[in-house]
Amino acid sequence: MVKKTESKFTNWILGMPTVAVLLPIQGISLLYWWIAGSYLGLDVYSSRSFPAADGWCEAASEGLGSHCWGDYYYVIFLVFSQPNPWLEYANAYPAAALIPFMVTHLLGSITGFAQAGLLIYLGSMTLLIGWGVWSGTKGISLESRIILFAAITFFSPPLIHALDRGNNVGFIIPLLVWFFAALISRSPNQGVLAIVLLTVIKPHFAVLLFLYMIRGELKTFAKGALLGGTIHVLAFLIVAGSRFPVNIYDWLSRFISYQDYTSVANGWPQNISFAQGLYSFATLVPSQFKNESFLQDLQGLQGLIGPLVLLSILCLITAYRHVLTDVQVGILLTSLVAMTSSTSWYYYAVFSIPALLALTQMSKNATSSTLRAKKDENSASKKINFTLWMVLVLTLIQLPMYQLASDKSIIVTTANLVGGFWIIAYVFVFRVLIGDKKSVKSK
């Protein structure tokens, strides 16, 4: 009876309800985008992603038509055309993140086919994403599994965005699936390896080691920090090694300044940062109540908003570390990683795909997924799970909004509200935790 109940809950929290919510909204979204392009003459493609021809490749020979996978060719340009990839261009990639680009490009160059490196790169990413999502849906009936797989891959705007740009963020999907699986199975070594590989793609993922620190597993925390640090230092020796260790400082300066690469006032390209979310919600206020000086203050302080949210949530997670489950903490930390920088393009929203899958697996393994050694299927935990499910679904939705960006042919989308949705979700989660703690004390 228990297994049957858990199976029903599993299918409810992430099976057909997710599909029932996502697919109709995505269908309505396609209708809106068609109207915006066909009837209003807006640049629908650039509104949802970036310009097709961004100048980082010879589109006729290296791209497809006018389309250039700019986030791939930009890195290739930095690595093979610049003596130091961090000196003159906005490059927040650590050296370790550049090496996979170098390998695929060199493999492709052997064939003599201009697009071979790109095809190897995108093909590897697509296969790993497919494997990761399929593994994450294990335990669901085949029909639901296939429909769910399609709903969160083929109909996922941030994933399409990542593949469209050739950004390496797509690789975080299989790695996060592995990370969450390690949390559920309580395999700290696998969890640490997943985190270290995640930091290769985005150094911010080192924040995930915080989970092991607050759980008192200091050896595991130290192991991850040491392994990750070693890999990154060795990579800096390989890339622009003649300037080592100055090239580490070169990267750090670019890394820190990158969050001011764009302004939250621009509205485009789509940005899911906490700063952008607050600013976008503020712009939705009716004009008679809108405070322009407040908007200017948000714009001027955009670099501080994310770190402030990060520190606040880390403190709250620490305070309630014995109540939250591993997966819940992992999802909260992952969202912080994705949205703390005030420049966080919409493709970083792909973190929501493995996070949604983790909620399913957590419901099947309730006893083994807790920070405390007892079952957590209480009302507070269910409310938190539902809140996380709801905000993760909202993260995967990209509807057009009424505002136009500085380029009047481009329309702003609801992707800019994602950071604000998560701030609201954090408030609700910790309100539930505070209420649950009070009710326990009263008993």
# chains A, B, ... in the order shown; residues from 1 in each chain; ligands from 1
$ residues_around --residues "Thr414 of chain A" --least-positions-apart "2" --cutoff "12 Å" --atoms "only C-alpha atoms" --output "PyMOL selection string"
chain A and resi 29+47-48+157+267-272+276-277+280-281+284+346+394-403+411-412+416-421
$ residues_around --residues "Leu237 of chain A" --least-positions-apart "4" --cutoff "10 Å" --atoms "only C-alpha atoms" --output "ChimeraX atom specification"
/A:95-96,232-233,241-245,247-248
$ select_by_dssp --residues "segment 126-246 of chain A" --states "alpha helix (DSSP H)" --output "MDAnalysis selection string"
chainID A and resid 126:136 142:152 157:165 172:184 188:201 210:214 218:238 246
$ closest_residue --among "A:Thr343, A:Ser49, A:Thr126, A:Ser66" --to "Thr413 of chain A" --atoms "only C-alpha atoms"
A:Ser49
$ atom_distance --atom1 "atom CA of Gly216 of chain A" --atom2 "atom CA of Val309 of chain A"
23.6 Å
$ residues_around --residues "Gly70 of chain A" --least-positions-apart "5" --cutoff "7 Å" --atoms "only C-alpha atoms" --output "MDAnalysis selection string"
chainID A and resid 54 56 165:166
$ closest_atom_pairs --of "segment 312-336 of chain A" --to "segment 194-213 of chain A" --cutoff "9 Å" --atoms "only C-alpha atoms" --output "CSV"
residue,atom,partner,partner_atom,distance
A:Leu314,CA,A:Phe210,CA,8.5
A:Thr318,CA,A:Leu211,CA,8.9
A:Arg321,CA,A:Leu211,CA,8.8
A:Asp326,CA,A:Leu211,CA,7.8
A:Val329,CA,A:Leu211,CA,7.1
A:Gly330,CA,A:Leu208,CA,7.0
A:Leu333,CA,A:Leu208,CA,6.1
A:Thr334,CA,A:Leu208,CA,7.0
A:Leu336,CA,A:Val207,CA,8.5
$ write_last_selection --atoms "N, CA and C atoms" --output "tab-separated table (two decimals), in the first residue's frame"
chain	number	residue	atom	x	y	z
A	314	LEU	N	21.74	31.32	2.05
A	314	LEU	CA	22.71	30.41	2.68
A	314	LEU	C	22.54	30.41	4.19
A	318	THR	N	21.30	27.16	6.39
A	318	THR	CA	22.09	26.70	7.54
A	318	THR	C	21.21	26.56	8.77
A	321	ARG	N	18.95	23.43	8.35
A	321	ARG	CA	19.64	22.31	7.68
A	321	ARG	C	19.14	20.95	8.15
A	326	ASP	N	18.09	16.78	1.46
A	326	ASP	CA	19.26	17.00	0.61
A	326	ASP	C	18.85	17.58	-0.74
A	329	VAL	N	17.71	21.20	-0.49
A	329	VAL	CA	18.87	22.07	-0.34
A	329	VAL	C	19.63	22.16	-1.67
A	330	GLY	N	19.77	21.02	-2.36
A	330	GLY	CA	20.47	21.02	-3.64
A	330	GLY	C	19.79	21.90	-4.67
A	333	LEU	N	20.32	25.61	-3.66
A	333	LEU	CA	21.70	26.04	-3.95
A	333	LEU	C	21.93	26.18	-5.46
A	334	THR	N	21.38	25.25	-6.23
A	334	THR	CA	21.56	25.31	-7.68
A	334	THR	C	20.91	26.55	-8.26
A	336	LEU	N	20.52	29.36	-6.71
A	336	LEU	CA	21.39	30.47	-6.34
A	336	LEU	C	22.57	30.60	-7.29
